[in-house]
Structures are given as structure tokens and as C-alpha cells.
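A.B. asks: One structure follows; several queries about it will come next.
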Amino acid sequence: MDSANTLRGALRRASSYRALAFALAGLALATAPAHAQTSTAPVNLDLGAVLATGTADTAALASTPGTAPYEAPSLTPLNSTQPTSVVTKQTTDNMLIGTQSFADIARLTPSVSQISPNGPGLQEANGPTIRGFQDGQYNITFDGIPFGDSNDFTHHSTSFFTDSQIGQTIVDRGPGTAETVGDATFGGTISLRTIDPAATQTLTPYGEWGSYGTNLAGIRYDTGSIQTLNGTSAVVDAEHIQSNGALQNAGQERKNFFGKIVIPVGSNTTVTLMSDYNNIYQNPSIGATAEQMAALGHNYAYNTNPNSQAYNRYNNDHIVTDMEYIDVQSNLGNGWLYDGKVYTYAYYHHDLNGDDVNDTLSDGITQDSCAMPGCAYGPAVPNLVQLTPTGAVIAGVPGQTFKMDYRSVGTIQRAEKDFDWGDIKTGFWFDHQTNSRMVQNVSLSNGNAINYFSGDSNGGKITPTNAGGSIERLMHDQLYTFQPYGQVDWKPIDRLTLTGGVKYAFFRRALNAQVDQKTELPTGYSHNYGKLLPSFEAKYSISPNLSVYAQAAEGFLAPNLNTYYIAAPGTNSFKPQSTVNFQTGVAYQDEHLALGADIYHIHFQNFIQKVGGGNTAYFTNAGGVIYRGIEGDVTYTFDNGISLFGNAGYNQAYQTSSNTYILNAPQFTSNLGVIYDKNGIYGSIIDQTTGGSYSGNSGTPGPSGTTTATGGPLGDVGKGGKYPSGWYNPYNVVNVAAGYTFNHLNPHLDQIKLKLNVDNITNQRQIISDNGTNGAGDLLYWVLPGVSAFVTISVPINF
């Protein structure tokens with residue numbers, strides 16, 4: 001603790017206040033430009049916008065087929081100032097399935113893990129985690145815009161956009177520089193860049209068909225450069241996905257529309273307009289007990305019985321999202337660059353769910369059989385409802401209606417002034433999100449009529465404000481975020497860049513709840529959080545092909561809204577979470593070899609940890625936590641088209657007070673494999689391994705030796721190691737892709753692509769994690785989906 005405070009003080013003195021004063025003084029003294037200069041297109045100043053790789057020669061390698069930087073599934077850029085991995089569009093198009101999400105893409109990089117129990121992208125991913133940091137502890141941006149739920153900063157992998165619209169994915173494993181904005185940057189940033197319009201006019205229909213009754217149909221249109229409009233170009237993409245899912249009765253249907261217009265204004269300014277709309281209906285699984293999988297199959301999720309709480313039509317999500325922005329980038333001349341973005345995005349989530357989907361009764365009778373008053377039911381929720389506040393308890397299927405609707409409006413404004421010795425950067429991010437949420441108990445078998453029966457697992461309380469106990473949540477909350485920053489990049493000698501900066505992170509939470517979550521009491525409360533966050537980075541280019549870097553930075557995360565779920569929120573003892581990060585690394589690229597490696601040490605204070613899932617979840621302050629590890633990626637390419645690649649992360653995350661490991665934090669990850677890419681033929685084999693982790697849940701694991709209905713073992717689940725319970729062994733899956741590109745068939749048909757993906761080719765089906773417990777205390781498991789196959793075709797038509 002003392003050493004961390006000493007380092008924190010030194011970091012503040014060395015890079016924070018002096019750097020900010022220098023930045024502000026420099027901006028005040030610099031002369032504003034008198035006129036615009038003729039130049040190339042302006043630089044996008046958003047984090048992760050450009051994959052720069054040192055000199056022009058080395059930068060060209062990343063776009064040259066057959067070189068190691070081009071073929072690498074994950075690449076460490078030569079301009080890195082923190083551990084960074086880039087996944088390109090050509091990698092995702094060649095290696096992954098079209099239904100997969102940004103979580104699957106990020107999994108190709110070191111220290112990232114994620115779980116997709118319903119098949120590739122066919123349910124919201126559990127994760128991803130980065131070095132053990134959970135969703136909500138790191139940032140995700142879309143074209144530089146931080147987005148997510150304001151209540152807990154989490155994200156939804158099936159919402160907003162599809163794989164087809166992601167052009168580049170950059171995983172930064174660190175808090176970034178002062179100009180890195182977002183609610184949870186201290187755990188890292190997954191930066192997603194949208195596709196750009198193609199240079200020529202092209203119409204590209206594409207489709208995918210495969211396991212689980214999955215089909216994908218899409219069409220993309222690129223206008224090419226329209227000379228009569230000063231080179232304006234646009235791309236439009238429309239896509240439809242339909243699948244039954246790998247799990248029983250857990251289907252998904254998804255529609256997405258995306259458009260982007262890039263408008264040059266003169267020779268120094270570009271205006272970009274983007275709009276995205278996503279509409280999804282899905283039956284998301286919450287896991288299954290060992291008994292259910294033994295009786296009904298390893299892939300059990302829901303049934304088709306309308307008298308059951310587990311009826312699939314009673315357990316569904318309907319989510320509609322949109323995102324729009326206007327971005328103006330300009331080279332103003334005299335070394336001045338400007339990037340200003342105004343945006344809005346929204347998430348509208350309405351769903352139904354059975355009250356206690358996975359329970360059985362203590363005497364072995366199912367919920368469906370125990371449907372009359374007087375039935376001897378145990379901790380499980382019986383099929384009983386009460387349709388009026390004073391009426392009789394009758395047979396019916398209890399459940400809930402859920403609503404979460406929010407919209408964010410914000411802006412990111414950036415300016416940069418270049419000098420002979422370096423540059424000065426300043427700007428700010430402002431975001432305001434309003435979020436309304438409601439949960440009400442209903443009778444699913446009576447047209448979702450209000451259910452007043454209090455004998456449910458959620459403990460509905462009868463208060464004057466919540467309709468006799470039927471409303472369990474009726475809340476309106478707001479989050480205001482403001483983050484101004486100043487940063488200096490100084491080049492004291494050739495090939496060395498020192499970066500010092502400071503950002504002020506300000507959050508304001510405001511809650512107005514007629515029925516607060518958990519307490520179900522009326523609550524009104526607001527609170528401000530703020531912290532000055534210094535950062536310092538050093539990068540030295542030993543040669544055009546080799547660079548080293550070091551970073552020291554602080555991170556900050558305001559408490560989630562769940563800390564307000566108490567009778568008197570003003571008395572909560574949860575302090576903002578903070579980190580001090582130290583990491584150093586190296587990057588190298590040439591025609592045949594691309595590699596990167598780093599080591600890191602992170603001291604985490606006031607760590608707030610979630611234990612359990614569903615209605616049994618609770619939060620606790622775990623105090624201090626240490627994250628440390630070593631990571632690396634390497635690709636070697638031979639002249640014959642074969643590339644060998646691998647990346648891995650060895651990660652430790654443990655509490656300083658008890659030396660116990662953090663929950664749901666895999667202790668290592670790796671991607672190992674081989675690629676062939678030559679003469680239009682592409683093939684890859686990749687073995688993805690995820691290390692063991694602890695869930696912390698100590699529910700009933702099921703009878704010893706339980707197997708699935710198909711005879712496969714459920715896996716070794718139980719106590720072990722440095723945590724009281726819930727250890728899950730390491731697991732791996734092997735994925736294969738093979739494709740062929742038909743080049744130059746005729747002047748209008750070029751680069752038709754046909755591809756086959758086979759995932760989990762060894763058909764692994766073991767338990768890999770749990771999702772907490774049901775009301776009776778039985779663990780709800782996630783199981784690997786079995787082997788699956790998908791065929792993809794795209795047919796670009798040139799005009």
C-alpha cells in the first residue's frame with residue numbers, strides 16, 4: 001500500500017499538474033491559424049482511429065498480403081504506448097463467422113476470454129473479460145464514442161451493430177492516455193471502428209447458412225467516390241439473422257441497418273454522418289441445473305409447455321437500438337487539427353421471464369405439477385397467482401415484465417497543435433444518459449395480468465407505492481459525465497516521445513425511484529464523484545521495425561447504481577474504485593515476423609465485487625486487489641503462404657487482504673494456430689484455451705457423477721485452490737476456417753468469396769462456468785456448445 005501511494009504521488013508530480021499547465025499555456029500562447037493550408041485528409045484524433053506502425057515502409061506491411069503484420073490475427077502496433085492488439089477486417093472476414101460479435105473478435109487477442117453458450121453471437125456474450133476485468137470495468141467505444149448502460153457501465157454484444165459493420169477492433173489493455181475518454185477506461189478499452197466506403201461502386205449480396213438452423217442474409221452497397229460531389233462516398237448495409245440457437249428453444253431473430261456518408265469539404269475538412277438501427281428478438285438462456293441437463297440434454301434452456309415458467313415464449317427479449325453521429329475533422333493549418341463529434345444512441349429493452357425458470361420443488365414435484373393452494377412446495381416458486389389484491393390464489397404461471405429504456409446525448413471535442421518538438425492536445429467529453437426501468441409481477445398465462453401473490457422468490461414487498469407488492473422496480477436515473485483533458489507529446493530527441501497529461505473524470509448520479517430495486521421503497525438521491533487522473537507514457541523507436549514503451553497511469557470508476565439499492569443511499573460505504581497502472585512492452589515488425597510482449601502490475605483500491613447471479617447476487621467491497629501478468633503475440637510468415645501464430649496472457653488477480661483470487665478471472669488465455677493464405681486460398685486452424693477460474697458460488701452442484709442425456713460428463717465442479725468454492729477447470733476449443741476467393745471472373749464479378757467454418761471441431765461439451773443459483777440454491781451451469789458448421793458466400797458486383 002505504501003509503495004503504491006509513493007508511486008501515485010510521484011506520478012502526479014511528474015506528469016499531471018505540470019503537464020496540464022504546460023498544455024494550457026501552450027494553447028494560450030499559440031497563434032491561431034490565419035488561413036487554411038492545402039494538405040491531405042485530416043487525421044481522426046479519436047483513440048484507436050489509425051493503425052500507425054512507425055515509418056511509411058513498416059506501415060505498408062500491415063496492408064500487404066503475405067507479410068506477417070498483414071496475416072497476424074492480433075497485431076501489436078509499433079506506435080503503442082500501452083499493451084495494444086489490433087484485429088483487422090480481413091482477419092474477421094476470413095477467420096470468423098458472420099453472426100459473431102465484438103466479444104468473439106476481442107477473444108483473438110491476449111488475456112481476453114468470453115463465453116457464448118448459445119453459439120456464435122446468438123446470445124449476449126458472458127463477458128468478455130480483459131485480464132480478469134469484468135464487463136463494466138472496461139470501456140467500449142464505437143468510432144470513438146463510449147457507450148453502455150449508465151446503471152453499471154455494461155454492454156450488450158448483440159445490440160447496436162453486427163460483425164459486418166466492424167472494420168477494425170483495437171483492444172487496449174490499460175487506461176490509455178489523458179485523451180482516452182470513457183466511463184470505465186481503467187480496465188482497458190475495446191475500440192470498434194466502423195467500415196469505410198469502398199473506393200469503387202459495388203453491390204455486395206452475402207449470406208451464411210449453418211448449424212442450429214442459422215441463416216444470415218445481407219446486402220451492402222458502396223457508392224464509390226462521387227466526383228460531382230467533391231469525392232463524397234457512402235456505404236449502406238442491411239442484414240437479417242435467424243437462428244434456433246445451440247440451446248433448446250433459445251432462438252434469435254435480428255435485423256440491422258447501417259449507413260455512413262463521408263463528405264469532403266474543400267481539401268482540408270471531412271464531415272462524416274453515421275446511422276445504425278438494430279432490432280432483435282431472442283430467448284436468452286440463464287443456464288440450467290445438473291438435473292435438467294441430465295434429464296433433458298446438455299443443451300437444455302427452455303421448454304414448449306405454456307403451463308410452465310420455463311416456456312420459451314414466456315422468456316424473451318425484444319431490444320431496439322439506434323446510434324447516430326455527425327463528425328467534423330479538419331486540418332486548420334499552421335499545425336492545428338480539430339475533431340468534433342455530436343452523437344446520440346438509445347437502447348429500448350422489453351422482456352418477459354418466468355419467475356423462477358429453473359427450479360424444482362423440494363419433494364421432487366415439478367412447478368407445473370404443484371399448481372393448487374396447499375401443495376407442499378419448497379423454496380421454488382409454485383404455479384400460483386393472485387389476480388386481484390384481495391382475490392383468491394389460483395393456478396397460473398407467475399412471471400415478470402421488464403423494461404429498461406435509455407438514451408444518451410453527448411459530444412467529444414478535440415483540438416491538437418503540432419510543433420517542431422511535439423504537440424499539445426486538449427478537449428473534453430460530455431454525456432448525459434437518462435434511464436427508466438420497471439419490473440412488475442404478472443400472470444403469464446393470463447395475458448400478463450398483474451399478479452399480487454407474494455409467495456414468490458423475489459420477496460415482493462407490499463408498500464403504498466408499489467401496487468400491493470406487484471411492482472418490484474420503478475426507477476428513473478440519470479448519469480452526467482464530463483471529462484476535460486490536456487496532454488503534451490514531447491520529442492526531446494529523435495525517436496523518443498514522452499507523453500504527460502491529466503484528465504478530470506466527473507460523474508453525477510441522480511436517482512428518482514418510486515420503487516427502488518431490492519428495497520422496493522421510494523428513494524431520491526444524487527451524488528457527485530470526481531478525480532484528477534494523471535498519466536505518463538514513454539515510447540522509443542530503437543529502429544524503424546522495433547519500439548519499446550512504458551506507461552504509468554491512474555484509473556477511476558464511479559460506484560454503480562446498485563450501491564444505491566439500500567434504504568438510505570446517502571449512508572452507503574462504497575467508495576469509488578481506483579487503480580494505479582504500471583506496464584512496459586515491446587513491438588517488432590518486419591516482412592516475416594510480427595511480435596509484441598508486455599508485463600503489467602495494477603494496484604486496485606476499493607474493489608467492488610459481484611458474488612452470485614440472478615436474484616441471489618450481492619455486492620461486496622473486497623478492498624485492495626493486485627492484477628499482474630505477462631502477455632505476448634507473435635506471427636511468423638513463410639514465403640509459401642503459411643503463417644504460424646500464437647498469443648497468450650498469464651494473469652493473476654487476487655485480493656491483498658486474503659490472497660484469494662478474484663472471481664470469474666481466467667488465470668491464462670491463449671490462441672495458437674496456423675494460417676495458409678496464397679493464390680486465393682485461405683485456411684486457418686486455431687486452438688483457443690481459457691484458463692481455470694473461480695465463480696465463488698457454493699450452490700448445490702448436482703448428484704456425484706451426473707452425466708448429460710447424451711452420456712457426456714458435466715465436468716469437475718467444486719471447491720479448490722485459493723477461493724472457497726466454484727472452481728472451473730481450463731478448457732479449449734479448436735476452430736477451423738477454409739475459403740477460396742474467385743478473382744477476376746469477369747469485369748463485373750471480382751473476388752467472390754466462399755468459406756466454410758467448423759467451430760469446436762473436437763466437440764467439447766463440458767461445463768465451463770455458472771450463472772449463480774436458482775431460488776432453491778441449485779447451480780445454473782454454462783456448457784460449451786458442440787461442434788457446428790457454417791458456409792458463407794459474398795458476391796461483389798462492380799459497376
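To be explicit about the labels: the chains of the C-alpha cells are called A, B, and onward in the order shown, and within each one the residues are counted from 1, while ligands get numbers from 1 in the order they are shown.
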As a PDB file with N, CA and C atoms, in the first residue's frame, please: the residues near Pro522 (chain A) (cut-off 8 Å, only C-alpha atoms, same-chain neighbours under 4 positions excluded).

C.D. replies:
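The resulting file, out.pdb, is shown below:
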```pdb
ATOM      1  N   THR A 465     -46.457   2.411  -2.451  1.00  0.00           N
ATOM      2  CA  THR A 465     -46.058   2.889  -3.779  1.00  0.00           C
ATOM      3  C   THR A 465     -45.903   1.810  -4.824  1.00  0.00           C
ATOM      4  N   ASN A 512     -34.307   8.828  -8.980  1.00  0.00           N
ATOM      5  CA  ASN A 512     -35.655   9.124  -8.503  1.00  0.00           C
ATOM      6  C   ASN A 512     -36.477   7.859  -8.698  1.00  0.00           C
ATOM      7  N   ALA A 513     -36.682   7.117  -7.615  1.00  0.00           N
ATOM      8  CA  ALA A 513     -37.330   5.810  -7.701  1.00  0.00           C
ATOM      9  C   ALA A 513     -38.601   5.801  -6.862  1.00  0.00           C
ATOM     10  N   GLN A 514     -39.737   5.529  -7.523  1.00  0.00           N
ATOM     11  CA  GLN A 514     -40.958   5.264  -6.760  1.00  0.00           C
ATOM     12  C   GLN A 514     -40.843   3.922  -6.042  1.00  0.00           C
ATOM     13  N   VAL A 515     -40.204   2.961  -6.722  1.00  0.00           N
ATOM     14  CA  VAL A 515     -39.935   1.649  -6.129  1.00  0.00           C
ATOM     15  C   VAL A 515     -38.484   1.321  -6.445  1.00  0.00           C
ATOM     16  N   ASP A 516     -37.620   1.449  -5.454  1.00  0.00           N
ATOM     17  CA  ASP A 516     -36.205   1.199  -5.677  1.00  0.00           C
ATOM     18  C   ASP A 516     -35.941  -0.299  -5.783  1.00  0.00           C
TER      19      ASP A 516
END
```

A.B. asks: Which residues are near Ser578 (chain A)? Cut-off 8 Å, only C-alpha atoms, ignore same chain within fewer than 2 positions. Put them as an NGL selection string.

C.D. replies: :A and (186 or 554-557 or 576 or 580 or 604-607)

A.B. asks: Pick the closest to Ile219 (chain A) from A:Gly500, A:Gly127, A:Gly231, A:Pro796: which is it, counting only C-alpha atoms?

C.D. replies: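 Among the listed residues, A:Pro796 lies closest to Ile219 (chain A).
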
A.B. asks: When distances are computed from only C-alpha atoms, which of A:Thr523, A:Thr185, A:Gln487, A:Thr67 shows the smallest separation from Phe638 (chain A)?

C.D. replies: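 Closest to Phe638 (chain A), using only C-alpha atoms: A:Thr67.
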
A.B. asks: List every residue of region 29-202 of chain A that DSSP, applied to the backbone, labels as helix (DSSP H, G or I), and write the result as a ChimeraX atom specification.

C.D. replies: /A:29,56-61,68-71,89-95,102-106,163-165,185-187

A.B. asks: Report as JSON lines the residues of region 198-307 of chain A within 10 Å of region 749-760 of chain A, each with its shortest atom pair and distance in Å (one decimal), using only C-alpha atoms, ordered by chain and increasing residue number.

C.D. replies:
```
{"residue": "A:Thr202", "atom": "CA", "partner": "A:Leu749", "partner_atom": "CA", "distance": 9.9}
{"residue": "A:Thr204", "atom": "CA", "partner": "A:Ile752", "partner_atom": "CA", "distance": 9.4}
{"residue": "A:Tyr206", "atom": "CA", "partner": "A:Lys753", "partner_atom": "CA", "distance": 9.3}
{"residue": "A:Gly207", "atom": "CA", "partner": "A:Leu754", "partner_atom": "CA", "distance": 10.0}
{"residue": "A:Glu208", "atom": "CA", "partner": "A:Lys755", "partner_atom": "CA", "distance": 9.2}
{"residue": "A:Trp209", "atom": "CA", "partner": "A:Leu756", "partner_atom": "CA", "distance": 9.8}
{"residue": "A:Gly210", "atom": "CA", "partner": "A:Asn757", "partner_atom": "CA", "distance": 9.1}
{"residue": "A:Ser211", "atom": "CA", "partner": "A:Val758", "partner_atom": "CA", "distance": 9.7}
```

A.B. asks: Restricted to all heavy atoms, what would the selected residues look like written as a compact mmCIF listing (two decimals), in the first residue's frame?

C.D. replies:
```
# COMPACT_ATOMS: atom_id res chain seq x y z
N THR A 202 -19.87 -0.59 -55.71
CA THR A 202 -20.01 -2.04 -55.58
C THR A 202 -21.30 -2.39 -54.86
O THR A 202 -21.65 -1.76 -53.86
CB THR A 202 -18.83 -2.64 -54.78
OG1 THR A 202 -17.59 -2.15 -55.32
CG2 THR A 202 -18.84 -4.16 -54.85
N THR A 204 -22.84 -5.71 -52.98
CA THR A 204 -22.36 -6.99 -52.46
C THR A 204 -23.44 -7.71 -51.67
O THR A 204 -23.63 -7.44 -50.49
CB THR A 204 -21.13 -6.81 -51.56
OG1 THR A 204 -20.13 -6.03 -52.24
CG2 THR A 204 -20.54 -8.17 -51.17
N TYR A 206 -24.59 -11.00 -49.64
CA TYR A 206 -23.84 -12.04 -48.93
C TYR A 206 -24.80 -12.85 -48.07
O TYR A 206 -25.91 -12.40 -47.73
CB TYR A 206 -22.72 -11.43 -48.07
CG TYR A 206 -23.17 -10.40 -47.05
CD1 TYR A 206 -23.50 -10.77 -45.74
CD2 TYR A 206 -23.25 -9.05 -47.38
CE1 TYR A 206 -23.90 -9.84 -44.80
CE2 TYR A 206 -23.65 -8.11 -46.46
CZ TYR A 206 -23.98 -8.50 -45.16
OH TYR A 206 -24.38 -7.57 -44.24
N GLY A 207 -24.39 -14.07 -47.76
CA GLY A 207 -25.25 -14.94 -46.96
C GLY A 207 -24.45 -15.98 -46.21
O GLY A 207 -23.28 -16.25 -46.53
N GLU A 208 -25.10 -16.56 -45.20
CA GLU A 208 -24.47 -17.59 -44.39
C GLU A 208 -25.53 -18.58 -43.93
O GLU A 208 -26.64 -18.18 -43.55
CB GLU A 208 -23.77 -16.94 -43.18
CG GLU A 208 -22.96 -17.89 -42.33
CD GLU A 208 -22.15 -17.14 -41.29
OE1 GLU A 208 -21.03 -16.70 -41.63
OE2 GLU A 208 -22.64 -16.94 -40.17
N TRP A 209 -25.17 -19.87 -43.95
CA TRP A 209 -26.10 -20.92 -43.54
C TRP A 209 -25.32 -21.94 -42.71
O TRP A 209 -24.16 -22.23 -43.01
CB TRP A 209 -26.72 -21.61 -44.75
CG TRP A 209 -27.43 -20.66 -45.65
CD1 TRP A 209 -28.75 -20.35 -45.65
CD2 TRP A 209 -26.84 -19.89 -46.72
NE1 TRP A 209 -29.04 -19.42 -46.62
CE2 TRP A 209 -27.89 -19.11 -47.30
CE3 TRP A 209 -25.54 -19.75 -47.22
CZ2 TRP A 209 -27.66 -18.25 -48.35
CZ3 TRP A 209 -25.31 -18.87 -48.27
CH2 TRP A 209 -26.37 -18.15 -48.82
N GLY A 210 -25.99 -22.48 -41.67
CA GLY A 210 -25.25 -23.45 -40.88
C GLY A 210 -26.04 -24.06 -39.76
O GLY A 210 -27.28 -24.11 -39.78
N SER A 211 -25.33 -24.56 -38.78
CA SER A 211 -25.89 -25.30 -37.66
C SER A 211 -26.95 -24.47 -36.92
O SER A 211 -26.98 -23.24 -37.00
CB SER A 211 -24.78 -25.70 -36.69
OG SER A 211 -23.84 -26.54 -37.31
```

A.B. asks: Per residue of region 413-518 of chain A within 10 Å of region 527-547 of chain A, note the shortest atom pair and the distance in Å to one decimal, counting only C-alpha atoms, and order the rows by chain and increasing residue number, as a Markdown table.

C.D. replies:
```
| residue | atom | partner | partner_atom | distance |
| --- | --- | --- | --- | --- |
| A:Leu479 | CA | A:Asn528 | CA | 9.9 |
| A:Tyr480 | CA | A:Asn528 | CA | 9.2 |
| A:Thr481 | CA | A:Tyr529 | CA | 9.7 |
| A:Phe482 | CA | A:Gly530 | CA | 9.5 |
| A:Gln483 | CA | A:Gly530 | CA | 9.6 |
| A:Tyr485 | CA | A:Leu533 | CA | 9.3 |
| A:Gly486 | CA | A:Pro534 | CA | 9.9 |
| A:Gln487 | CA | A:Ser535 | CA | 9.0 |
| A:Val488 | CA | A:Phe536 | CA | 9.8 |
| A:Asp489 | CA | A:Glu537 | CA | 9.1 |
| A:Trp490 | CA | A:Ala538 | CA | 9.6 |
| A:Lys491 | CA | A:Lys539 | CA | 9.7 |
| A:Ile493 | CA | A:Tyr540 | CA | 9.7 |
| A:Asp494 | CA | A:Ser541 | CA | 8.7 |
| A:Arg495 | CA | A:Ser541 | CA | 5.1 |
| A:Leu496 | CA | A:Tyr540 | CA | 4.5 |
| A:Thr497 | CA | A:Lys539 | CA | 5.3 |
| A:Leu498 | CA | A:Ala538 | CA | 4.6 |
| A:Thr499 | CA | A:Glu537 | CA | 5.0 |
| A:Gly500 | CA | A:Phe536 | CA | 4.6 |
| A:Gly501 | CA | A:Ser535 | CA | 5.5 |
| A:Val502 | CA | A:Pro534 | CA | 4.3 |
| A:Lys503 | CA | A:Leu533 | CA | 5.1 |
| A:Tyr504 | CA | A:Leu532 | CA | 4.5 |
| A:Ala505 | CA | A:Lys531 | CA | 5.4 |
| A:Phe506 | CA | A:Gly530 | CA | 4.3 |
| A:Phe507 | CA | A:Tyr529 | CA | 5.1 |
| A:Arg508 | CA | A:Asn528 | CA | 4.4 |
| A:Arg509 | CA | A:His527 | CA | 5.5 |
| A:Ala510 | CA | A:His527 | CA | 6.6 |
| A:Leu511 | CA | A:His527 | CA | 9.2 |
```

A.B. asks: At a cut-off of 10 Å, using only C-alpha atoms, what residues contact Asp149 (chain A)? Leave out same-chain residues fewer than 5 positions from it and give the result as a list in words.

C.D. replies: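 The neighbour list is Gly136, Thr154, His155, His156, Ala346, Tyr347, Met404, Asp405, Tyr406, Arg407, Ser408, Gln433, Thr434, Asn435 and Leu479 of chain A.
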
A.B. asks: Taking only C-alpha atoms into account, name the residue in A:Pro120, A:Gly297, A:Gly259, A:Pro77 that is nearest to Ile241 (chain A).

C.D. replies: A:Pro120
